[in-house]
Structures are given as structure tokens and as C-alpha cells.
Amino acid sequence: MIRLVVDTDPGVDDAHAIMAAAAYPDARIEAVTTVKGNVSLERTTANACTILDVMGINAPIYAGCEQALVAESGGAEGFHGADGLGDSAYPPSPRKVEAEHAVHALIRLANAEPGALTLVALGPLTNLALALRLDPTLPRKYRRLVVMGGAIRSMGNTTLTAEFNFHADPEAAAIILRDWTPLTLVSWETTVEHPFSEAQVKALLAHNSPRAEFLRRISQGALTFLEHLFGRPTMLEPDLLAMAAALEPEIVRRKATHHVAVELSGALTRGQTCVDWYGMSGKQPNVELALEMNTERVWELLQAALI
Ligand code: RIB
Ligand code: CA
């Protein structure tokens with residue numbers, strides 16, 4: 001049984017990732033921690049409640065940081081909708097969020113059961129960075145950390161060179177990449193190289209169930225955005241790929257470990273992921289990059305959540 005703690009900023013693809021994890025027979029979502037990212041903390045937290053309601057999961061939800069460690073940055077409402085779930089206007093969940101701050105929960109959960117929990121980070125790394133500063137032993141106490149973030153060839157989706165999660169809180173990303181080893185990173189380029197095909201998208205949308213209806217309602221805006229961008233129906237799934245790598249590590253068909261750092265001060269490059277592809281820095285490789293993934297299997301994991 002894979003016991004998951006999910007740090008997230010729902011977010012349409014965060015929702016897909018959480019749905020797949022909730023439906024996965026050999027996994028259990030033990031806790032969800034929310035962070036400001038795609039939309040405000042208030043919205044990401046409300047969205048996490050709605051997603052768990054739809055999936056019938058009674059895991060506790062802990063609200064985390066409502067802003068980045070240092071500099072404020074914008075959201076991603078243009079893709080995820082003003083409400084963060086495709087402007088699907090679901091009524092507020094009756095679910096109560098825990099009083100404990102997400103950062104304290106991340107520390108408490110790992111210390112309560114060292115080595116038992118797999119942490120999957122799907123948004124800006126603000127909560128994780130603060131937790132690591134308060135308890136530097138966390139990397140030894142979480143079984144594994146899988147992160148969605150970074151643009152490993154600097155093909156940014158937010159600035160020319162930076163991916164959204166790392167750009168939203170570069171200092172937090174820098175802290176985690178430097179001081180939380182080992183970790184597995186699913187990047188933006190890997191996401192773009194593993195899209196769902198038109199047929200896969202159509203098959204997902206064709207299901208007739210309340211969960212499929214939820215998926216359709218929250219995803220339509222993102223699908224329209226991507227169809228305009230790529231000229232054909234497709235779906236990019238950054239967070240689902242990261243979750244899939246946590247659920248079934250063999251889904252990652254090719255990986256490589258390199259030294260990776262995050263630029264903090266570049267006028268054009270703040271938040272850029274700097275990968276030492278040729279070992280030139282002399283620094284210890286610290287990040288396992290997921291380079292090729294089994295997209296068909298990732299699609300099956302989401303498909304299974306819709307039945
Ligand atoms: O760059 C993609 C990442 O930014 C995903 O986690 C998406 O949800 C957004 O947060
Ligand atoms: Ca996300």
C-alpha cells in the first residue's frame with residue numbers, strides 16, 4: 001500500500017492527479033496539504049475539498065502558505081479558470097479543513113511514521129521548503145518525494161525559461177532541490193513530450209458517471225485552451241504524470257540523475273531550472289529526472305478514476 005501525502009494547488013491537472021490516486025487500488029491518500037499557486041490558497045483549499053468529495057475520500061486537508069517565501073507572483077487563472085477548477089462553479093464543500101497549518105502537518109506526519117509516507121508535490125514548493133527548514137530530517141522520514149516542476153531544458157511555460165511551480169516560488173524550489181535529496185522530478189518538457197492523444201481525450205470524456213461529469217466540467221476550459229494552442233484536441237498532464245511516477249515507478253521508462261539548481265536573480269531567468277547535463281559543475285547529482293514515461297499507463301490510471 002502506497003500511503004500518500006499530496007501537496008497541491010488545484011488546479012485542473014492537480015485534480016486529475018488526485019482523482020487517479022484516489023482510485024488507485026494499492027494507494028491511500030493519508031493527507032492533502034494545499035498551497036497558493038494556480039489560484040489563491042482559499043481557492044486551492046476549497047478545490048481540494050471538492051475533489052475529495054467527488055472521489056469519496058475522507059483524508060484530512062491542511063491549508064498551507066498563502067504566498068511565496070519571498071516575491072509574490074501571479075496565478076494561472078488563464079488556464080485553470082478563476083476558481084481553479086475550470087470555472088465549473090461547484091457549490092462549496094461542507095468539508096471542514098483542519099486547523100493545523102500544512103507545514104506543521106507535513107512535519108508531524110513524517111515524524112509520526114518515519115519511512116511510511118510518499119510525498120507528492122504538485123504545486124509551488126513553499127510548504128515543503130518551510131517544513132524542511134523547521135525539520136531538516138524530513139528527507140529521511142518521507143519514503144520518497146516526487147515533484148512536478150521545473151523546465152529542464154529551460155523551455156518555460158510561464159516565462160521564457162521558467163516553469164510555473166518553480167517560477168511561483170523560486171526560493172522554495174532552490175531550497176528543496178539543494179537540501180531534499182533524493183527526489184524525482186517530472187518536468188514541463190517531459191509533460192509536453194507525453195501528451196494524451198485526441199483519442200485518449202475523447203475516451204476519457206465519453207464516460208458516463210458523476211466523476212466523468214466532474215472531469216468534463218473542470219477540464220473543458222483547459223482542453224479548449226490547449227486545442228487553440230496545438231491546433232488539435234490534446235491534454236497535457238504535468239501533475240498526473242508526477243502522481244503516476246509515485247504510484248508506479250516503473251511508469252518512468254527512462255531517467256537520469258543530474259545536479260539541478262534554480263536561478264534566483266536573473267532578470268530574464270528567475271526561476272529557471274539549471275541542469276548540469278555534462279557534469280561540469282563538479283557538484284553531486286541530486287535530482288532524478290523522469291525523461292520518458294509510459295503515457296498509455298498514465299492514461300489508464302486516470303481512466304480508472306472515472307468508472
Ligand atoms: O507547470 C505546470 C504546473 O503548474 C502544474 O502543477 C500545474 O497545476 C501548475 O500548478
Ligand atoms: Ca499543480
# chains A, B, ... in the order shown; residues from 1 in each chain; ligands from 1
>>> select_by_dssp(residues="segment 18-186 of chain A", states="strand (DSSP E)", output="MDAnalysis selection string")
chainID A and resid 27:34 61:63 117:121 142:148 183:186
>>> residues_near_ligand(ligand="ligand 1", cutoff="7 Å", atoms="only C-alpha atoms and all ligand atoms", output="PDB file with N, CA and C atoms, in the first residue's frame")
ATOM      1  N   ASP A   9      -1.964  22.521  -5.521  1.00  0.00           N
ATOM      2  CA  ASP A   9      -2.600  23.838  -5.753  1.00  0.00           C
ATOM      3  C   ASP A   9      -3.711  23.695  -6.793  1.00  0.00           C
ATOM      4  N   PRO A  10      -4.722  22.891  -6.521  1.00  0.00           N
ATOM      5  CA  PRO A  10      -5.757  22.584  -7.529  1.00  0.00           C
ATOM      6  C   PRO A  10      -6.438  23.864  -8.045  1.00  0.00           C
ATOM      7  N   GLY A  11      -6.517  23.810  -9.324  1.00  0.00           N
ATOM      8  CA  GLY A  11      -5.746  23.273 -10.439  1.00  0.00           C
ATOM      9  C   GLY A  11      -6.376  22.029 -11.058  1.00  0.00           C
ATOM     10  N   VAL A  12      -6.576  22.170 -12.386  1.00  0.00           N
ATOM     11  CA  VAL A  12      -7.241  21.124 -13.156  1.00  0.00           C
ATOM     12  C   VAL A  12      -6.391  19.861 -13.186  1.00  0.00           C
ATOM     13  N   ASP A  13      -5.097  19.981 -13.502  1.00  0.00           N
ATOM     14  CA  ASP A  13      -4.287  18.764 -13.588  1.00  0.00           C
ATOM     15  C   ASP A  13      -3.987  18.192 -12.207  1.00  0.00           C
ATOM     16  N   ASP A  14      -3.966  19.083 -11.179  1.00  0.00           N
ATOM     17  CA  ASP A  14      -3.886  18.578  -9.805  1.00  0.00           C
ATOM     18  C   ASP A  14      -5.091  17.685  -9.523  1.00  0.00           C
ATOM     19  N   GLY A  37      -1.023  28.856  -5.523  1.00  0.00           N
ATOM     20  CA  GLY A  37      -0.292  28.565  -6.772  1.00  0.00           C
ATOM     21  C   GLY A  37      -1.115  28.970  -7.971  1.00  0.00           C
ATOM     22  N   ASN A  38      -1.787  27.976  -8.553  1.00  0.00           N
ATOM     23  CA  ASN A  38      -2.634  28.273  -9.727  1.00  0.00           C
ATOM     24  C   ASN A  38      -3.637  29.375  -9.410  1.00  0.00           C
ATOM     25  N   LEU A 122       2.734  18.913  -6.090  1.00  0.00           N
ATOM     26  CA  LEU A 122       2.134  19.251  -7.385  1.00  0.00           C
ATOM     27  C   LEU A 122       2.011  20.754  -7.612  1.00  0.00           C
ATOM     28  N   GLY A 123       2.501  21.539  -6.702  1.00  0.00           N
ATOM     29  CA  GLY A 123       2.402  22.986  -6.837  1.00  0.00           C
ATOM     30  C   GLY A 123       3.710  23.652  -6.445  1.00  0.00           C
ATOM     31  N   PRO A 124       3.699  24.967  -6.247  1.00  0.00           N
ATOM     32  CA  PRO A 124       4.886  25.642  -5.729  1.00  0.00           C
ATOM     33  C   PRO A 124       5.327  25.000  -4.417  1.00  0.00           C
ATOM     34  N   MET A 148       6.409  17.668  -9.260  1.00  0.00           N
ATOM     35  CA  MET A 148       6.146  18.185 -10.604  1.00  0.00           C
ATOM     36  C   MET A 148       6.682  19.609 -10.602  1.00  0.00           C
ATOM     37  N   GLY A 149       7.660  19.860 -11.489  1.00  0.00           N
ATOM     38  CA  GLY A 149       8.147  21.222 -11.572  1.00  0.00           C
ATOM     39  C   GLY A 149       9.395  21.328 -12.411  1.00  0.00           C
ATOM     40  N   ASN A 157       7.053  27.558 -19.415  1.00  0.00           N
ATOM     41  CA  ASN A 157       5.622  27.750 -19.739  1.00  0.00           C
ATOM     42  C   ASN A 157       5.063  29.001 -19.068  1.00  0.00           C
ATOM     43  N   GLU A 163       9.299  27.264 -15.530  1.00  0.00           N
ATOM     44  CA  GLU A 163       8.021  26.540 -15.403  1.00  0.00           C
ATOM     45  C   GLU A 163       7.236  27.157 -14.244  1.00  0.00           C
ATOM     46  N   PHE A 164       5.923  27.017 -14.237  1.00  0.00           N
ATOM     47  CA  PHE A 164       5.073  27.731 -13.290  1.00  0.00           C
ATOM     48  C   PHE A 164       5.423  27.456 -11.824  1.00  0.00           C
ATOM     49  N   ASN A 165       5.493  26.198 -11.384  1.00  0.00           N
ATOM     50  CA  ASN A 165       5.689  25.910  -9.962  1.00  0.00           C
ATOM     51  C   ASN A 165       7.003  26.485  -9.441  1.00  0.00           C
ATOM     52  N   TRP A 188       8.375  20.136 -17.037  1.00  0.00           N
ATOM     53  CA  TRP A 188       7.455  20.619 -18.047  1.00  0.00           C
ATOM     54  C   TRP A 188       7.747  19.995 -19.405  1.00  0.00           C
ATOM     55  N   PRO A 238       0.813  17.507 -16.398  1.00  0.00           N
ATOM     56  CA  PRO A 238       2.027  17.549 -15.564  1.00  0.00           C
ATOM     57  C   PRO A 238       1.857  16.872 -14.200  1.00  0.00           C
ATOM     58  N   ASP A 239       0.799  17.234 -13.497  1.00  0.00           N
ATOM     59  CA  ASP A 239       0.643  16.680 -12.141  1.00  0.00           C
ATOM     60  C   ASP A 239       0.268  15.210 -12.161  1.00  0.00           C
TER      61      ASP A 239
END
>>> residues_around(residues="Ile218 of chain A", least_positions_apart="4", cutoff="8 Å", atoms="only C-alpha atoms", output="PyMOL selection string")
chain A and resi 12+85-88+214
>>> residues_around(residues="Glu213 of chain A", least_positions_apart="4", cutoff="12 Å", atoms="only C-alpha atoms", output="list in words")
Val54, Ser88, Tyr90, Leu204, Leu205, Ala206, His207, Asn208, Ser209, Arg217, Ile218, Ser219, Gln220, Ala305, Leu306 and Ile307 of chain A
>>> closest_residue(among="A:Ile176, A:Leu241, A:Met235, A:Ala27", to="ligand 2", atoms="only C-alpha atoms and all ligand atoms")
A:Leu241
>>> closest_residue(among="A:Gln200, A:Ser154, A:Asn286, A:Thr8", to="Leu302 of chain A", atoms="only C-alpha atoms")
A:Gln200
>>> residues_around(residues="segment 226-232 of chain A", least_positions_apart="6", cutoff="10 Å", atoms="only C-alpha atoms", output="PyMOL selection string")
chain A and resi 79+197-198+220
>>> closest_residue(among="A:Arg178, A:Arg211, A:His167, A:His104", to="His16 of chain A", atoms="only C-alpha atoms")
A:Arg211
>>> atom_distance(atom1="atom CA of Val252 of chain A", atom2="atom CA of Val39 of chain A")
29.2 Å
>>> residues_around(residues="Asp276 of chain A", least_positions_apart="3", cutoff="12 Å", atoms="only C-alpha atoms", output="mmCIF file with C-alpha atoms, in the first residue's frame")
data_model
loop_
_atom_site.group_PDB
_atom_site.id
_atom_site.type_symbol
_atom_site.label_atom_id
_atom_site.label_comp_id
_atom_site.auth_asym_id
_atom_site.auth_seq_id
_atom_site.Cartn_x
_atom_site.Cartn_y
_atom_site.Cartn_z
ATOM 1 C CA ILE A 152 14.870 21.018 -17.510
ATOM 2 C CA ARG A 153 15.789 22.396 -20.927
ATOM 3 C CA ALA A 256 18.808 10.248 -15.359
ATOM 4 C CA THR A 257 20.267 11.807 -12.245
ATOM 5 C CA HIS A 258 21.995 15.146 -12.547
ATOM 6 C CA HIS A 259 22.856 18.128 -10.420
ATOM 7 C CA VAL A 260 19.999 20.623 -10.681
ATOM 8 C CA ALA A 261 19.715 24.136 -9.240
ATOM 9 C CA VAL A 262 17.297 27.057 -9.596
ATOM 10 C CA THR A 273 15.928 25.160 -13.784
ATOM 11 C CA GLY A 279 28.734 17.018 -15.018
ATOM 12 C CA MET A 280 30.595 20.288 -15.486
ATOM 13 C CA SER A 281 29.799 21.748 -12.069
ATOM 14 C CA GLY A 282 31.602 19.059 -10.108
ATOM 15 C CA LYS A 283 28.570 19.089 -7.813
ATOM 16 C CA GLN A 284 26.877 15.908 -6.638
ATOM 17 C CA PRO A 285 23.941 14.822 -8.824
ATOM 18 C CA ASN A 286 20.890 15.425 -6.636
ATOM 19 C CA VAL A 287 17.765 15.037 -8.775
ATOM 20 C CA LEU A 289 14.827 13.395 -13.840
#
>>> closest_residue(among="A:Ala99, A:Ala15, A:Ala267, A:Ala290", to="ligand 2", atoms="only C-alpha atoms and all ligand atoms")
A:Ala15
>>> select_by_dssp(residues="segment 79-301 of chain A", states="alpha helix (DSSP H)", output="number ranges by chain")
A: 79-80, 102-112, 126-134, 138-141, 164-168, 170-179, 188-192, 198-205, 210-230, 238-247, 295-301
